[in-house]
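Below: the structure, in structure tokens.
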Amino acid sequence: MADFLLELYHDAAECGPDELRLRVLRRFQEIVPFDFAVWGGGQAEGRLVTDLIVLDQSKAILGEWEEVADQDAFCDLTLNRLGTTARFDDVPSYRRGLAYNEHWRRFDASHMMATIVAEQSDGYVSFVGLCADNRPSEFTDDERSIKQLLMPHFSQALRMSRDIRRARGDVEREAVALVSADGTILSAEQPFFELARREWGNCASGLPTELLHALKRRKSVRGMNVSARIAPFGRNYFLHLSAAPVLDCLSPREREVAELFAAGLTHKDVARELGSSPSTVRNQLARIYEKLGISSKASLASLIDRERR
């Protein structure tokens with residue numbers, strides 16, 4: 001167990017959040033056998049899942065679960081016992097219910113052991129669920145104890161990974177490179193390639209041809225994540241990259257949903273205001289959180305407030 005924790009916190013410092021979760025789950029599979037796992041988070045209110053990593057299963061499991069989320073008694077139990085690891089069999093008659101038969105069994109999850117914990121954000125919770133099919137019985141008490149013991153460490157390591165990645169991102173908001181007339185990168189500041197990769201993929205060998213042509217025609221280009229502008233320098237060019245305003249990545253409808261939700265409305269209130277369904281708003285909010293790289297309503301409100309200043 002000590003070796004597992006050492007690797008966990010080492011990876012938290014070295015890996016991004018998604019890679020960290022996959023590595024941790026894969027190693028944990030050697031301690032507690034399971035067939036697939038889900039590790040995500042979101043708002044307890046409305047059962048809004050805003051990010052999800054799935055090991056050895058289709059990500060469709062999230063979209064399908066949205067249809068039964070409000071009727072999932074196992075989710076009720078784990079939300080009412082935050083920080084406590086529960087199993088399907090802890091819910092009387094759960095296997096005769098809609099959520100189990102119409103969702104979990106369809107994804108070969110005849111057994112599940114899950115923990116939901118409250119995080120240090122407004123209304124945000126994170127969860128780790130281990131699922132299995134080919135087991136003679138439910139997860140054992142010893143396996144539950146191990147997961148219960150490790151869940152706070154999972155949560156802490158993920159926060160560390162996100163905090164480190166966010167701090168690095170703040171430094172890497174702008175960079176300059178010297179490029180030739182054919183788009184070859186002659187020299188560049190260190191953050192340049194990270195910014196370029198976010199928008200155009202790997203640019204190590206030079207700028208994409210269509211990007212170079214657009215820059216020469218218009219002198220500036222604004223993408224989903226990055227803004228670029230060039231200035232002549234002899235026969236070459238200085239290319240300036242900067243992170244685009246974060247809310248620009250939202251569609252007009254998503255922006256409307258985000259502003260209403262951040263103003264204090266619940267997802268059901270937003271649905272009534274816009275004449276849509278709660279499940280539609282819940283899915284829109286999940287996409288908004290994913291695009292913005294945030295995990296709480298407070299963070300969303302902070303981003304919108306910052307842009308208005």
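A note on labels: chains of the structure tokens are A, B, ... as shown, every chain counts residues from 1, and ligands are counted from 1 in their shown order.
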
Any chance you could tabulate, as CSV, the residues of stretch 149-199 of chain A at most 12 Å from stretch 204-207 of chain A with each one's nearest atom pair and distance in Å to one decimal, using only C-alpha atoms, in chain and rising number order?
```
residue,atom,partner,partner_atom,distance
A:Ala177,CA,A:Leu207,CA,10.9
A:Leu178,CA,A:Gly206,CA,10.9
A:Val179,CA,A:Gly206,CA,8.2
A:Ser180,CA,A:Gly206,CA,9.2
A:Ala181,CA,A:Leu207,CA,10.4
A:Asp182,CA,A:Gly206,CA,8.4
A:Gly183,CA,A:Leu207,CA,5.1
A:Thr184,CA,A:Gly206,CA,4.4
A:Ile185,CA,A:Gly206,CA,5.4
A:Leu186,CA,A:Gly206,CA,8.9
A:Ser187,CA,A:Ala204,CA,10.7
A:Ala188,CA,A:Ala204,CA,10.2
A:Gln190,CA,A:Ala204,CA,11.9
A:Phe192,CA,A:Ala204,CA,10.0
A:Phe193,CA,A:Ala204,CA,7.1
A:Glu194,CA,A:Ala204,CA,10.2
A:Leu195,CA,A:Ala204,CA,11.8
A:Ala196,CA,A:Leu207,CA,8.9
A:Arg197,CA,A:Ala204,CA,9.1
A:Glu199,CA,A:Leu207,CA,11.4
```

Mind dumping a table of every stretch 47-134 of chain A residue within 10 Å of stretch 24-30 of chain A, with the nearest atom pair and its distance in Å to one decimal, using only C-alpha atoms, sorted by chain and rising number, as JSON lines?
```
{"residue": "A:Ile53", "atom": "CA", "partner": "A:Leu25", "partner_atom": "CA", "distance": 9.9}
{"residue": "A:Val54", "atom": "CA", "partner": "A:Leu25", "partner_atom": "CA", "distance": 9.4}
{"residue": "A:Leu55", "atom": "CA", "partner": "A:Leu25", "partner_atom": "CA", "distance": 7.3}
{"residue": "A:Asp56", "atom": "CA", "partner": "A:Arg26", "partner_atom": "CA", "distance": 9.5}
{"residue": "A:Val128", "atom": "CA", "partner": "A:Leu25", "partner_atom": "CA", "distance": 9.3}
{"residue": "A:Leu130", "atom": "CA", "partner": "A:Gln29", "partner_atom": "CA", "distance": 9.1}
```

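Residue-level DSSP output for stretch 87-139 of chain A, from the backbone, shows strand (DSSP E or B) at Arg87, His111, Met112, Met113, Ala114, Thr115, Ile116, Val117, Ala118, Tyr124, Val125, Ser126, Phe127, Val128, Gly129, Leu130, Cys131 and Ala132 of chain A.
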
> Which residue gives the smallest distance to A:Leu52 among A:Phe127, A:Phe233, A:Trp200, A:Tyr100, with only C-alpha atoms counted?
Replying inline: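 Of the candidates, the smallest distance to A:Leu52 is held by A:Phe127.
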
>> Let me make sure I understand: among A:Arg235, A:His10, A:Arg21, A:Lys297, which one has the smallest atom-to-atom distance to A:Phe154 if we use only C-alpha atoms?
In response: A:Arg21

> Which residue out of A:Ala12, A:Val38, A:Ala86, A:Ile116 has the minimum interatomic distance to A:Ala60 when only C-alpha atoms are used?
Replying inline: A:Val38

>> Considering only C-alpha atoms, can you say which of A:Val221, A:Ala298, A:Ile31, A:Leu303 comes closest to A:Leu150?
In response: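 For A:Leu150, the nearest of the candidates is A:Ile31.
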
> Where in stretch 113-144 of chain A does DSSP assign alpha helix (DSSP H), given as a ChimeraX atom specification?
Replying inline: /A:141-144

Please, could you write that set of residues out with all heavy atoms as a PDB file, in the first residue's frame?
```
ATOM      1  N   ASP A 141     -16.009  -7.135   2.114  1.00  0.00           N
ATOM      2  CA  ASP A 141     -15.821  -6.090   3.120  1.00  0.00           C
ATOM      3  C   ASP A 141     -14.382  -5.598   3.133  1.00  0.00           C
ATOM      4  O   ASP A 141     -14.124  -4.398   3.335  1.00  0.00           O
ATOM      5  CB  ASP A 141     -16.202  -6.622   4.505  1.00  0.00           C
ATOM      6  CG  ASP A 141     -17.706  -6.821   4.660  1.00  0.00           C
ATOM      7  OD1 ASP A 141     -18.470  -6.228   3.863  1.00  0.00           O
ATOM      8  OD2 ASP A 141     -18.109  -7.562   5.578  1.00  0.00           O
ATOM      9  N   ASP A 142     -13.424  -6.507   2.950  1.00  0.00           N
ATOM     10  CA  ASP A 142     -12.015  -6.092   2.926  1.00  0.00           C
ATOM     11  C   ASP A 142     -11.744  -5.170   1.734  1.00  0.00           C
ATOM     12  O   ASP A 142     -11.028  -4.168   1.859  1.00  0.00           O
ATOM     13  CB  ASP A 142     -11.101  -7.319   2.848  1.00  0.00           C
ATOM     14  CG  ASP A 142     -11.013  -8.068   4.166  1.00  0.00           C
ATOM     15  OD1 ASP A 142     -11.400  -7.489   5.211  1.00  0.00           O
ATOM     16  OD2 ASP A 142     -10.559  -9.227   4.153  1.00  0.00           O
ATOM     17  N   GLU A 143     -12.305  -5.511   0.579  1.00  0.00           N
ATOM     18  CA  GLU A 143     -12.120  -4.664  -0.601  1.00  0.00           C
ATOM     19  C   GLU A 143     -12.772  -3.302  -0.408  1.00  0.00           C
ATOM     20  O   GLU A 143     -12.225  -2.274  -0.797  1.00  0.00           O
ATOM     21  CB  GLU A 143     -12.691  -5.365  -1.833  1.00  0.00           C
ATOM     22  CG  GLU A 143     -11.875  -6.572  -2.261  1.00  0.00           C
ATOM     23  CD  GLU A 143     -12.564  -7.413  -3.326  1.00  0.00           C
ATOM     24  OE1 GLU A 143     -13.815  -7.416  -3.376  1.00  0.00           O
ATOM     25  OE2 GLU A 143     -11.852  -8.083  -4.106  1.00  0.00           O
ATOM     26  N   ARG A 144     -13.918  -3.295   0.239  1.00  0.00           N
ATOM     27  CA  ARG A 144     -14.569  -2.031   0.524  1.00  0.00           C
ATOM     28  C   ARG A 144     -13.704  -1.186   1.479  1.00  0.00           C
ATOM     29  O   ARG A 144     -13.573   0.020   1.293  1.00  0.00           O
ATOM     30  CB  ARG A 144     -15.947  -2.260   1.145  1.00  0.00           C
ATOM     31  CG  ARG A 144     -16.534  -0.937   1.610  1.00  0.00           C
ATOM     32  CD  ARG A 144     -18.004  -0.873   1.856  1.00  0.00           C
ATOM     33  NE  ARG A 144     -18.675  -1.989   2.481  1.00  0.00           N
ATOM     34  CZ  ARG A 144     -20.005  -2.021   2.631  1.00  0.00           C
ATOM     35  NH1 ARG A 144     -20.750  -1.020   2.211  1.00  0.00           N
ATOM     36  NH2 ARG A 144     -20.578  -3.053   3.199  1.00  0.00           N
TER      37      ARG A 144
END
```

>> Give me the residues near A:Leu8 as a PyMOL selection string, where near means some atom within 10 Å (using only C-alpha atoms) and where sequence neighbours in that chain fewer than 3 positions away do not count.
In response: chain A and resi 2-5+11-13+20-21+23-24+27+153-154+156-158

Store the residues picked out above, limited to all heavy atoms, as a tab-separated table (two decimals), in the first residue's frame.
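See out21.tsv below for the written result:
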```tsv
chain	number	residue	atom	x	y	z
A	2	ALA	N	1.99	1.21	0.72
A	2	ALA	CA	2.88	2.37	0.76
A	2	ALA	C	3.43	2.67	-0.63
A	2	ALA	O	3.51	3.84	-1.04
A	2	ALA	CB	4.02	2.11	1.75
A	3	ASP	N	3.80	1.63	-1.36
A	3	ASP	CA	4.31	1.83	-2.72
A	3	ASP	C	3.23	2.42	-3.63
A	3	ASP	O	3.51	3.28	-4.47
A	3	ASP	CB	4.80	0.50	-3.30
A	3	ASP	CG	6.09	0.03	-2.66
A	3	ASP	OD1	6.78	0.86	-2.03
A	3	ASP	OD2	6.40	-1.18	-2.77
A	4	PHE	N	2.01	1.96	-3.45
A	4	PHE	CA	0.89	2.48	-4.25
A	4	PHE	C	0.73	3.98	-4.01
A	4	PHE	O	0.56	4.77	-4.95
A	4	PHE	CB	-0.39	1.73	-3.89
A	4	PHE	CG	-1.60	2.20	-4.66
A	4	PHE	CD1	-1.92	1.63	-5.88
A	4	PHE	CD2	-2.41	3.21	-4.15
A	4	PHE	CE1	-3.04	2.07	-6.60
A	4	PHE	CE2	-3.53	3.64	-4.85
A	4	PHE	CZ	-3.83	3.07	-6.08
A	5	LEU	N	0.77	4.40	-2.75
A	5	LEU	CA	0.59	5.82	-2.42
A	5	LEU	C	1.76	6.66	-2.92
A	5	LEU	O	1.56	7.79	-3.40
A	5	LEU	CB	0.42	5.99	-0.91
A	5	LEU	CG	-0.90	5.46	-0.34
A	5	LEU	CD1	-0.89	5.55	1.19
A	5	LEU	CD2	-2.07	6.25	-0.91
A	11	ASP	N	2.76	10.54	-9.53
A	11	ASP	CA	2.02	10.77	-10.77
A	11	ASP	C	1.21	12.07	-10.71
A	11	ASP	O	1.01	12.73	-11.73
A	11	ASP	CB	1.09	9.60	-11.06
A	11	ASP	CG	1.84	8.36	-11.54
A	11	ASP	OD1	3.04	8.49	-11.85
A	11	ASP	OD2	1.24	7.28	-11.61
A	12	ALA	N	0.72	12.43	-9.53
A	12	ALA	CA	-0.05	13.68	-9.38
A	12	ALA	C	0.79	14.88	-9.77
A	12	ALA	O	0.28	15.86	-10.33
A	12	ALA	CB	-0.56	13.83	-7.96
A	13	ALA	N	2.09	14.81	-9.49
A	13	ALA	CA	2.99	15.91	-9.82
A	13	ALA	C	3.43	15.89	-11.28
A	13	ALA	O	3.77	16.93	-11.85
A	13	ALA	CB	4.22	15.88	-8.91
A	20	LEU	N	-3.52	10.78	-15.05
A	20	LEU	CA	-3.38	10.35	-13.65
A	20	LEU	C	-4.48	9.35	-13.29
A	20	LEU	O	-4.20	8.28	-12.74
A	20	LEU	CB	-3.47	11.56	-12.72
A	20	LEU	CG	-3.62	11.23	-11.23
A	20	LEU	CD1	-2.33	10.64	-10.68
A	20	LEU	CD2	-4.03	12.47	-10.42
A	21	ARG	N	-5.72	9.68	-13.60
A	21	ARG	CA	-6.83	8.81	-13.21
A	21	ARG	C	-6.72	7.43	-13.86
A	21	ARG	O	-6.98	6.41	-13.23
A	21	ARG	CB	-8.15	9.48	-13.54
A	21	ARG	CG	-8.49	10.62	-12.59
A	21	ARG	CD	-9.83	11.23	-12.86
A	21	ARG	NE	-9.81	12.14	-13.99
A	21	ARG	CZ	-10.84	12.88	-14.37
A	21	ARG	NH1	-12.00	12.80	-13.72
A	21	ARG	NH2	-10.76	13.69	-15.40
A	23	ARG	N	-3.97	5.91	-14.90
A	23	ARG	CA	-2.85	5.18	-14.30
A	23	ARG	C	-3.24	4.62	-12.93
A	23	ARG	O	-2.93	3.46	-12.61
A	23	ARG	CB	-1.64	6.11	-14.13
A	23	ARG	CG	-0.89	6.41	-15.40
A	23	ARG	CD	0.42	7.06	-15.07
A	23	ARG	NE	1.18	7.42	-16.25
A	23	ARG	CZ	2.47	7.71	-16.25
A	23	ARG	NH1	3.14	7.68	-15.12
A	23	ARG	NH2	3.09	8.03	-17.36
A	24	VAL	N	-3.88	5.46	-12.13
A	24	VAL	CA	-4.25	5.03	-10.78
A	24	VAL	C	-5.25	3.87	-10.83
A	24	VAL	O	-5.09	2.87	-10.10
A	24	VAL	CB	-4.86	6.22	-10.00
A	24	VAL	CG1	-5.45	5.74	-8.67
A	24	VAL	CG2	-3.79	7.28	-9.73
A	27	ARG	N	-3.52	0.59	-11.81
A	27	ARG	CA	-2.76	-0.01	-10.71
A	27	ARG	C	-3.68	-0.54	-9.62
A	27	ARG	O	-3.42	-1.58	-9.02
A	27	ARG	CB	-1.77	1.02	-10.12
A	27	ARG	CG	-0.54	1.25	-10.99
A	27	ARG	CD	0.61	1.82	-10.17
A	27	ARG	NE	0.23	3.09	-9.55
A	27	ARG	CZ	0.39	4.28	-10.13
A	27	ARG	NH1	0.91	4.35	-11.34
A	27	ARG	NH2	0.04	5.38	-9.51
A	153	HIS	N	-7.13	9.86	-0.67
A	153	HIS	CA	-5.87	10.05	-1.38
A	153	HIS	C	-6.12	10.25	-2.88
A	153	HIS	O	-5.43	11.05	-3.54
A	153	HIS	CB	-4.95	8.84	-1.15
A	153	HIS	CG	-4.50	8.70	0.27
A	153	HIS	ND1	-3.52	9.50	0.83
A	153	HIS	CD2	-4.91	7.84	1.25
A	153	HIS	CE1	-3.33	9.15	2.09
A	153	HIS	NE2	-4.15	8.14	2.36
A	154	PHE	N	-7.07	9.49	-3.45
A	154	PHE	CA	-7.44	9.70	-4.85
A	154	PHE	C	-7.85	11.16	-5.08
A	154	PHE	O	-7.42	11.81	-6.02
A	154	PHE	CB	-8.61	8.79	-5.24
A	154	PHE	CG	-8.29	7.33	-5.32
A	154	PHE	CD1	-9.29	6.39	-5.50
A	154	PHE	CD2	-6.98	6.88	-5.23
A	154	PHE	CE1	-9.00	5.04	-5.59
A	154	PHE	CE2	-6.68	5.53	-5.31
A	154	PHE	CZ	-7.69	4.61	-5.49
A	156	GLN	N	-7.24	13.86	-3.20
A	156	GLN	CA	-6.15	14.81	-2.98
A	156	GLN	C	-5.19	14.81	-4.16
A	156	GLN	O	-4.74	15.87	-4.61
A	156	GLN	CB	-5.41	14.44	-1.69
A	156	GLN	CG	-4.19	15.31	-1.38
A	156	GLN	CD	-4.54	16.75	-1.12
A	156	GLN	OE1	-5.67	17.06	-0.76
A	156	GLN	NE2	-3.59	17.65	-1.31
A	157	ALA	N	-4.85	13.64	-4.67
A	157	ALA	CA	-3.92	13.56	-5.80
A	157	ALA	C	-4.50	14.25	-7.04
A	157	ALA	O	-3.78	14.94	-7.76
A	157	ALA	CB	-3.60	12.10	-6.11
A	158	LEU	N	-5.79	14.06	-7.28
A	158	LEU	CA	-6.41	14.71	-8.45
A	158	LEU	C	-6.41	16.22	-8.29
A	158	LEU	O	-6.16	16.95	-9.26
A	158	LEU	CB	-7.83	14.18	-8.63
A	158	LEU	CG	-8.58	14.68	-9.87
A	158	LEU	CD1	-7.81	14.38	-11.15
A	158	LEU	CD2	-9.98	14.07	-9.94
```

> If you count only C-alpha atoms, which residues fall within 9 Å of A:Arg135, apart from same-chain ones fewer than 3 positions away, as number ranges by chain?
Replying inline: A: 34, 110-111, 132, 138-139

Using only all heavy atoms, please write the residues we just selected to a file, as a PDB file, in the first residue's frame.
```pdb
ATOM      1  N   PHE A  34     -11.478  -5.742 -10.689  1.00  0.00           N
ATOM      2  CA  PHE A  34     -12.739  -5.260 -11.245  1.00  0.00           C
ATOM      3  C   PHE A  34     -12.627  -5.279 -12.761  1.00  0.00           C
ATOM      4  O   PHE A  34     -11.527  -5.371 -13.314  1.00  0.00           O
ATOM      5  CB  PHE A  34     -13.090  -3.855 -10.722  1.00  0.00           C
ATOM      6  CG  PHE A  34     -12.043  -2.802 -10.996  1.00  0.00           C
ATOM      7  CD1 PHE A  34     -12.030  -2.104 -12.193  1.00  0.00           C
ATOM      8  CD2 PHE A  34     -11.072  -2.501 -10.044  1.00  0.00           C
ATOM      9  CE1 PHE A  34     -11.073  -1.133 -12.453  1.00  0.00           C
ATOM     10  CE2 PHE A  34     -10.112  -1.533 -10.291  1.00  0.00           C
ATOM     11  CZ  PHE A  34     -10.107  -0.840 -11.501  1.00  0.00           C
ATOM     12  N   SER A 110     -22.898  -6.019 -13.003  1.00  0.00           N
ATOM     13  CA  SER A 110     -23.784  -6.692 -12.059  1.00  0.00           C
ATOM     14  C   SER A 110     -23.389  -6.367 -10.620  1.00  0.00           C
ATOM     15  O   SER A 110     -24.179  -6.555  -9.694  1.00  0.00           O
ATOM     16  CB  SER A 110     -23.758  -8.205 -12.280  1.00  0.00           C
ATOM     17  OG  SER A 110     -22.446  -8.708 -12.167  1.00  0.00           O
ATOM     18  N   HIS A 111     -22.159  -5.871 -10.437  1.00  0.00           N
ATOM     19  CA  HIS A 111     -21.681  -5.464  -9.115  1.00  0.00           C
ATOM     20  C   HIS A 111     -21.013  -4.096  -9.241  1.00  0.00           C
ATOM     21  O   HIS A 111     -20.309  -3.814 -10.215  1.00  0.00           O
ATOM     22  CB  HIS A 111     -20.663  -6.465  -8.562  1.00  0.00           C
ATOM     23  CG  HIS A 111     -21.187  -7.859  -8.461  1.00  0.00           C
ATOM     24  ND1 HIS A 111     -22.047  -8.268  -7.472  1.00  0.00           N
ATOM     25  CD2 HIS A 111     -20.968  -8.941  -9.255  1.00  0.00           C
ATOM     26  CE1 HIS A 111     -22.335  -9.556  -7.644  1.00  0.00           C
ATOM     27  NE2 HIS A 111     -21.693  -9.991  -8.728  1.00  0.00           N
ATOM     28  N   ALA A 132     -18.003  -4.716 -11.853  1.00  0.00           N
ATOM     29  CA  ALA A 132     -17.593  -6.074 -12.229  1.00  0.00           C
ATOM     30  C   ALA A 132     -18.822  -6.876 -12.645  1.00  0.00           C
ATOM     31  O   ALA A 132     -19.946  -6.583 -12.250  1.00  0.00           O
ATOM     32  CB  ALA A 132     -16.889  -6.766 -11.065  1.00  0.00           C
ATOM     33  N   GLU A 138     -20.689 -10.153  -4.454  1.00  0.00           N
ATOM     34  CA  GLU A 138     -20.432  -8.719  -4.378  1.00  0.00           C
ATOM     35  C   GLU A 138     -19.001  -8.467  -3.896  1.00  0.00           C
ATOM     36  O   GLU A 138     -18.329  -9.384  -3.402  1.00  0.00           O
ATOM     37  CB  GLU A 138     -21.449  -8.088  -3.416  1.00  0.00           C
ATOM     38  CG  GLU A 138     -21.389  -6.575  -3.281  1.00  0.00           C
ATOM     39  CD  GLU A 138     -21.631  -5.839  -4.583  1.00  0.00           C
ATOM     40  OE1 GLU A 138     -20.664  -5.757  -5.379  1.00  0.00           O
ATOM     41  OE2 GLU A 138     -22.747  -5.357  -4.814  1.00  0.00           O
ATOM     42  N   PHE A 139     -18.511  -7.240  -4.061  1.00  0.00           N
ATOM     43  CA  PHE A 139     -17.207  -6.878  -3.514  1.00  0.00           C
ATOM     44  C   PHE A 139     -17.187  -7.165  -2.014  1.00  0.00           C
ATOM     45  O   PHE A 139     -18.177  -6.936  -1.303  1.00  0.00           O
ATOM     46  CB  PHE A 139     -16.917  -5.397  -3.776  1.00  0.00           C
ATOM     47  CG  PHE A 139     -16.654  -5.061  -5.213  1.00  0.00           C
ATOM     48  CD1 PHE A 139     -17.646  -4.535  -6.022  1.00  0.00           C
ATOM     49  CD2 PHE A 139     -15.394  -5.277  -5.761  1.00  0.00           C
ATOM     50  CE1 PHE A 139     -17.408  -4.230  -7.353  1.00  0.00           C
ATOM     51  CE2 PHE A 139     -15.136  -4.980  -7.088  1.00  0.00           C
ATOM     52  CZ  PHE A 139     -16.143  -4.453  -7.890  1.00  0.00           C
TER      53      PHE A 139
END
```

> Which polymer residues have any atom within 12 Å of an atom of A:Cys249, counting only C-alpha atoms, with same-chain residues fewer than 5 positions away left out, as number ranges by chain?
Replying inline: A: 199, 222-226, 243-244, 254-255, 287-293
